[in-house]
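Novice: You'll find protein-v9.txt just under this line, and it carries compact mmCIF, N, CA and C atoms.
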```
# COMPACT_ATOMS: atom_id res chain seq x y z
N THR A 698 9.83 -4.94 -2.43
CA THR A 698 9.19 -5.88 -3.32
C THR A 698 9.00 -5.21 -4.67
N LYS A 699 9.33 -5.88 -5.76
CA LYS A 699 9.13 -5.35 -7.10
C LYS A 699 8.36 -6.37 -7.90
N ASP A 700 7.46 -5.88 -8.75
CA ASP A 700 6.74 -6.82 -9.59
C ASP A 700 6.82 -6.37 -11.04
N ASP A 701 6.14 -7.10 -11.94
CA ASP A 701 6.26 -6.84 -13.37
C ASP A 701 5.56 -5.56 -13.82
N ARG A 702 4.79 -4.93 -12.93
CA ARG A 702 4.17 -3.65 -13.28
C ARG A 702 5.13 -2.48 -13.08
N GLY A 703 6.29 -2.75 -12.52
CA GLY A 703 7.31 -1.73 -12.37
C GLY A 703 7.21 -0.93 -11.09
N PHE A 704 6.60 -1.50 -10.04
CA PHE A 704 6.63 -0.75 -8.79
C PHE A 704 7.52 -1.44 -7.79
N TYR A 705 8.06 -0.63 -6.92
CA TYR A 705 8.99 -1.09 -5.90
C TYR A 705 8.48 -0.58 -4.57
N LYS A 706 8.37 -1.44 -3.59
CA LYS A 706 8.00 -0.96 -2.27
C LYS A 706 8.82 -1.69 -1.22
N LYS A 707 9.11 -0.98 -0.17
CA LYS A 707 9.95 -1.51 0.89
C LYS A 707 9.49 -0.92 2.21
N ASP A 708 9.52 -1.70 3.26
CA ASP A 708 9.13 -1.22 4.59
C ASP A 708 10.35 -0.59 5.29
N LEU A 709 10.53 0.69 5.03
CA LEU A 709 11.63 1.40 5.66
C LEU A 709 11.22 2.84 5.94
N PRO A 710 11.87 3.50 6.90
CA PRO A 710 11.55 4.88 7.20
C PRO A 710 11.80 5.78 5.99
N GLY A 711 10.97 6.83 5.85
CA GLY A 711 11.10 7.74 4.72
C GLY A 711 12.48 8.34 4.59
N GLY A 712 13.17 8.56 5.71
CA GLY A 712 14.52 9.13 5.68
C GLY A 712 15.55 8.21 5.05
N MET A 713 15.19 6.96 4.85
CA MET A 713 16.12 6.00 4.26
C MET A 713 15.81 5.71 2.79
N LEU A 714 14.84 6.45 2.21
CA LEU A 714 14.52 6.24 0.79
C LEU A 714 15.74 6.55 -0.06
N THR A 715 15.92 5.79 -1.12
CA THR A 715 17.05 5.99 -2.01
C THR A 715 16.56 5.92 -3.45
N THR A 716 17.27 6.59 -4.32
CA THR A 716 16.92 6.58 -5.74
C THR A 716 17.66 5.49 -6.50
N SER A 717 18.43 4.66 -5.84
CA SER A 717 19.26 3.67 -6.53
C SER A 717 18.44 2.62 -7.28
N LYS A 718 17.20 2.38 -6.88
CA LYS A 718 16.38 1.36 -7.53
C LYS A 718 15.52 1.91 -8.67
N ILE A 719 15.60 3.22 -8.93
CA ILE A 719 14.77 3.83 -9.97
C ILE A 719 15.40 3.59 -11.33
N PRO A 720 14.68 2.97 -12.24
CA PRO A 720 15.24 2.74 -13.59
C PRO A 720 15.56 4.07 -14.28
N GLN A 721 16.60 4.10 -15.06
CA GLN A 721 17.02 5.31 -15.76
C GLN A 721 15.95 5.82 -16.72
N ASN A 722 15.12 4.94 -17.25
CA ASN A 722 14.10 5.34 -18.22
C ASN A 722 12.75 5.64 -17.57
N ALA A 723 12.69 5.75 -16.25
CA ALA A 723 11.43 6.04 -15.56
C ALA A 723 10.94 7.43 -15.98
N THR A 724 9.66 7.53 -16.26
CA THR A 724 9.08 8.81 -16.66
C THR A 724 8.20 9.41 -15.57
N SER A 725 7.82 8.63 -14.57
CA SER A 725 7.03 9.16 -13.48
C SER A 725 7.23 8.29 -12.25
N MET A 726 6.96 8.88 -11.08
CA MET A 726 7.12 8.16 -9.83
C MET A 726 6.08 8.66 -8.84
N ILE A 727 5.67 7.80 -7.96
CA ILE A 727 4.87 8.18 -6.81
C ILE A 727 5.62 7.66 -5.59
N LEU A 728 5.98 8.55 -4.71
CA LEU A 728 6.66 8.16 -3.47
C LEU A 728 5.69 8.39 -2.33
N HIS A 729 5.66 7.48 -1.38
CA HIS A 729 4.71 7.61 -0.29
C HIS A 729 5.30 7.01 0.97
N THR A 730 5.17 7.73 2.05
CA THR A 730 5.45 7.16 3.37
C THR A 730 4.16 7.30 4.17
N ARG A 731 3.99 6.46 5.15
CA ARG A 731 2.73 6.49 5.89
C ARG A 731 2.98 6.42 7.38
N ALA A 732 2.05 7.01 8.12
CA ALA A 732 2.01 6.82 9.56
C ALA A 732 1.28 5.50 9.79
N ALA A 733 1.89 4.60 10.49
CA ALA A 733 1.31 3.27 10.69
C ALA A 733 0.23 3.32 11.76
N THR A 734 -0.96 3.78 11.38
CA THR A 734 -2.07 3.87 12.33
C THR A 734 -2.92 2.60 12.34
N HIS A 735 -2.98 1.89 11.22
CA HIS A 735 -3.72 0.64 11.11
C HIS A 735 -2.83 -0.35 10.36
N GLY A 736 -2.69 -1.53 10.88
CA GLY A 736 -1.89 -2.55 10.20
C GLY A 736 -0.40 -2.33 10.40
N HIS A 737 0.29 -3.38 10.71
CA HIS A 737 1.73 -3.31 10.99
C HIS A 737 2.51 -3.00 9.72
N GLN A 738 3.49 -2.10 9.83
CA GLN A 738 4.26 -1.68 8.67
C GLN A 738 5.18 -2.77 8.11
N ARG A 739 5.46 -3.81 8.85
CA ARG A 739 6.29 -4.91 8.34
C ARG A 739 5.49 -5.88 7.46
N VAL A 740 4.16 -5.76 7.45
CA VAL A 740 3.30 -6.57 6.58
C VAL A 740 3.16 -5.78 5.28
N MET A 741 3.83 -6.24 4.22
CA MET A 741 3.91 -5.45 2.99
C MET A 741 2.55 -5.14 2.38
N ASP A 742 1.54 -5.99 2.58
CA ASP A 742 0.20 -5.70 2.05
C ASP A 742 -0.37 -4.41 2.65
N ASN A 743 0.11 -4.01 3.82
CA ASN A 743 -0.37 -2.80 4.47
C ASN A 743 0.32 -1.54 3.96
N ASN A 744 1.38 -1.70 3.21
CA ASN A 744 2.15 -0.55 2.73
C ASN A 744 1.72 -0.15 1.33
N HIS A 745 1.87 1.10 1.04
CA HIS A 745 1.46 1.65 -0.27
C HIS A 745 2.50 1.34 -1.33
N PRO A 746 2.10 1.15 -2.57
CA PRO A 746 0.73 1.15 -3.03
C PRO A 746 -0.03 -0.06 -2.51
N VAL A 747 -1.30 0.16 -2.21
CA VAL A 747 -2.17 -0.90 -1.73
C VAL A 747 -2.83 -1.54 -2.94
N MET A 748 -2.86 -2.86 -2.93
CA MET A 748 -3.42 -3.60 -4.06
C MET A 748 -4.83 -4.10 -3.73
N SER A 749 -5.68 -4.10 -4.74
CA SER A 749 -6.99 -4.72 -4.58
C SER A 749 -6.81 -6.24 -4.48
N PRO A 750 -7.77 -6.95 -3.90
CA PRO A 750 -7.64 -8.40 -3.80
C PRO A 750 -7.39 -9.08 -5.15
N SER A 751 -7.94 -8.53 -6.23
CA SER A 751 -7.74 -9.13 -7.55
C SER A 751 -6.37 -8.79 -8.13
N GLY A 752 -5.69 -7.78 -7.57
CA GLY A 752 -4.40 -7.35 -8.11
C GLY A 752 -4.53 -6.44 -9.32
N GLU A 753 -5.75 -6.08 -9.68
CA GLU A 753 -5.97 -5.25 -10.87
C GLU A 753 -5.87 -3.75 -10.59
N ILE A 754 -6.00 -3.36 -9.33
CA ILE A 754 -5.98 -1.95 -8.98
C ILE A 754 -4.93 -1.73 -7.90
N MET A 755 -4.11 -0.69 -8.08
CA MET A 755 -3.19 -0.29 -7.03
C MET A 755 -3.40 1.20 -6.79
N LEU A 756 -3.31 1.60 -5.54
CA LEU A 756 -3.52 3.01 -5.24
C LEU A 756 -2.68 3.45 -4.06
N VAL A 757 -2.50 4.75 -4.00
CA VAL A 757 -1.87 5.40 -2.85
C VAL A 757 -2.93 6.31 -2.26
N HIS A 758 -3.13 6.21 -0.98
CA HIS A 758 -4.18 6.96 -0.30
C HIS A 758 -3.55 7.78 0.82
N ASN A 759 -3.91 9.04 0.88
CA ASN A 759 -3.43 9.90 1.96
C ASN A 759 -4.65 10.45 2.68
N GLY A 760 -4.86 10.02 3.88
CA GLY A 760 -6.02 10.45 4.64
C GLY A 760 -6.49 9.32 5.53
N VAL A 761 -7.63 9.53 6.13
CA VAL A 761 -8.19 8.53 7.04
C VAL A 761 -9.62 8.23 6.61
N ILE A 762 -9.95 6.97 6.53
CA ILE A 762 -11.33 6.55 6.29
C ILE A 762 -11.83 6.05 7.64
N TYR A 763 -12.64 6.86 8.29
CA TYR A 763 -13.05 6.57 9.66
C TYR A 763 -14.00 5.38 9.77
N ASN A 764 -14.78 5.11 8.73
CA ASN A 764 -15.73 4.00 8.80
C ASN A 764 -15.23 2.78 8.02
N HIS A 765 -13.93 2.58 7.98
CA HIS A 765 -13.39 1.46 7.19
C HIS A 765 -13.86 0.11 7.69
N ASP A 766 -14.12 -0.03 8.99
CA ASP A 766 -14.65 -1.31 9.50
C ASP A 766 -16.04 -1.58 8.94
N GLU A 767 -16.87 -0.54 8.87
CA GLU A 767 -18.21 -0.69 8.30
C GLU A 767 -18.15 -1.06 6.82
N VAL A 768 -17.23 -0.43 6.11
CA VAL A 768 -17.09 -0.71 4.67
C VAL A 768 -16.66 -2.16 4.48
N ARG A 769 -15.71 -2.63 5.26
CA ARG A 769 -15.27 -4.03 5.16
C ARG A 769 -16.43 -5.00 5.40
N THR A 770 -17.22 -4.70 6.41
CA THR A 770 -18.37 -5.55 6.72
C THR A 770 -19.35 -5.57 5.56
N ALA A 771 -19.61 -4.41 4.97
CA ALA A 771 -20.55 -4.33 3.85
C ALA A 771 -20.04 -5.10 2.63
N LEU A 772 -18.72 -5.24 2.50
CA LEU A 772 -18.14 -5.97 1.37
C LEU A 772 -18.15 -7.48 1.57
N GLY A 773 -18.51 -7.94 2.75
CA GLY A 773 -18.59 -9.38 3.01
C GLY A 773 -17.24 -10.05 2.90
N GLU A 774 -17.16 -11.16 2.16
CA GLU A 774 -15.92 -11.93 2.02
C GLU A 774 -14.81 -11.09 1.38
N ASP A 775 -15.16 -10.24 0.42
CA ASP A 775 -14.15 -9.39 -0.21
C ASP A 775 -13.51 -8.46 0.82
N GLY A 776 -14.28 -7.97 1.76
CA GLY A 776 -13.76 -7.09 2.79
C GLY A 776 -12.75 -7.77 3.69
N LYS A 777 -12.90 -9.07 3.89
CA LYS A 777 -11.97 -9.84 4.72
C LYS A 777 -10.62 -10.02 4.04
N ARG A 778 -10.57 -9.88 2.72
CA ARG A 778 -9.32 -10.08 1.99
C ARG A 778 -8.52 -8.79 1.80
N LEU A 779 -9.06 -7.67 2.28
CA LEU A 779 -8.36 -6.40 2.13
C LEU A 779 -7.22 -6.28 3.14
N PRO A 780 -6.22 -5.46 2.85
CA PRO A 780 -5.14 -5.22 3.83
C PRO A 780 -5.72 -4.63 5.12
N GLU A 781 -4.93 -4.64 6.18
CA GLU A 781 -5.37 -4.15 7.48
C GLU A 781 -5.52 -2.63 7.51
N VAL A 782 -4.90 -1.92 6.58
CA VAL A 782 -4.95 -0.46 6.61
C VAL A 782 -6.35 0.04 6.28
N ASP A 783 -6.60 1.33 6.56
CA ASP A 783 -7.94 1.88 6.36
C ASP A 783 -8.19 2.33 4.93
N THR A 784 -7.32 2.01 4.00
CA THR A 784 -7.52 2.38 2.60
C THR A 784 -8.44 1.37 1.93
```
Represent the structure contained in this file as structure tokens.
Specialist:
Amino acid sequence: TKDDRGFYKKDLPGGMLTTSKIPQNATSMILHTRAATHGHQRVMDNNHPVMSPSGEIMLVHNGVIYNHDEVRTALGEDGKRLPEVDT
């Protein structure tokens, strides 16, 4: 999936990553693969970069947030709109 902010993400194994989609004028890149511990990897919202519900923030997270269920609950309706992953 590519959008107007210039990011590309695809649900594929890290060994299949290719540089063919990288624009020639790119000045920086963040590459990320993840272990699918929460949320199915075929659901693109679960793959990095993860977007905030508003679409204003995107991030790549490496690690585990053990109390992510508690955080979602504390966020109320906003927590229900987050991806299934623990980010």
Novice: Write out as a PyMOL selection string each polymer residue whose atoms come within 12 Å of Arg769 of chain A, counting only C-alpha atoms; drop sequence neighbours fewer than 2 positions from it.
Specialist: chain A and resi 762-767+771-784
Novice: Pull the alpha helix (DSSP H) assignments for chain A out of DSSP run on the backbone, and list those residues as an MDAnalysis selection string.
Specialist: chainID A and resid 765:771 774:777
Novice: Interatomic distance between atom CA of Gln721 of chain A and atom CA of Arg739 of chain A?
Specialist: 28.3 Å
Novice: Suppose you want the space between atom CA of Asp708 of chain A and atom C of Gly736 of chain A; what is it in Å?
Specialist: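 The value is 11.2 Å.
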Novice: Figure out the distance between atom CA of Met741 of chain A and atom CA of Val757 of chain A, please, to one decimal in Å.
Specialist: 13.6 Å
Novice: Which neighbours of Leu709 of chain A fall inside 8 Å, counting only N, CA and C atoms, when residues of the same chain fewer than 4 positions from it are skipped, and could you give them as a VMD selection string?
Specialist: chain A and resid 713 to 714 730 738 to 739
Novice: Would you save the residues of that selection, restricted to N, CA and C atoms, as a PDB file, in the coordinates of the input?
Specialist:
```pdb
ATOM      1  N   MET A 713      15.190   6.960   4.850  1.00  0.00           N
ATOM      2  CA  MET A 713      16.120   6.000   4.260  1.00  0.00           C
ATOM      3  C   MET A 713      15.810   5.710   2.790  1.00  0.00           C
ATOM      4  N   LEU A 714      14.840   6.450   2.210  1.00  0.00           N
ATOM      5  CA  LEU A 714      14.520   6.240   0.790  1.00  0.00           C
ATOM      6  C   LEU A 714      15.740   6.550  -0.060  1.00  0.00           C
ATOM      7  N   THR A 730       5.170   7.730   2.050  1.00  0.00           N
ATOM      8  CA  THR A 730       5.450   7.160   3.370  1.00  0.00           C
ATOM      9  C   THR A 730       4.160   7.300   4.170  1.00  0.00           C
ATOM     10  N   GLN A 738       3.490  -2.100   9.830  1.00  0.00           N
ATOM     11  CA  GLN A 738       4.260  -1.680   8.670  1.00  0.00           C
ATOM     12  C   GLN A 738       5.180  -2.770   8.110  1.00  0.00           C
ATOM     13  N   ARG A 739       5.460  -3.810   8.850  1.00  0.00           N
ATOM     14  CA  ARG A 739       6.290  -4.910   8.340  1.00  0.00           C
ATOM     15  C   ARG A 739       5.490  -5.880   7.460  1.00  0.00           C
TER      16      ARG A 739
END
```
Novice: Would you please give, as number ranges by chain, all residues of chain A that DSSP assigns to strand (DSSP E or B) based on the backbone?
Specialist: A: 699, 705, 747-748, 755-756
Novice: Using all atoms listed in the file, can you tell me which of A:Pro746, A:Lys718, A:Ser725, A:Thr734 comes closest to His758 of chain A?
Specialist: A:Pro746
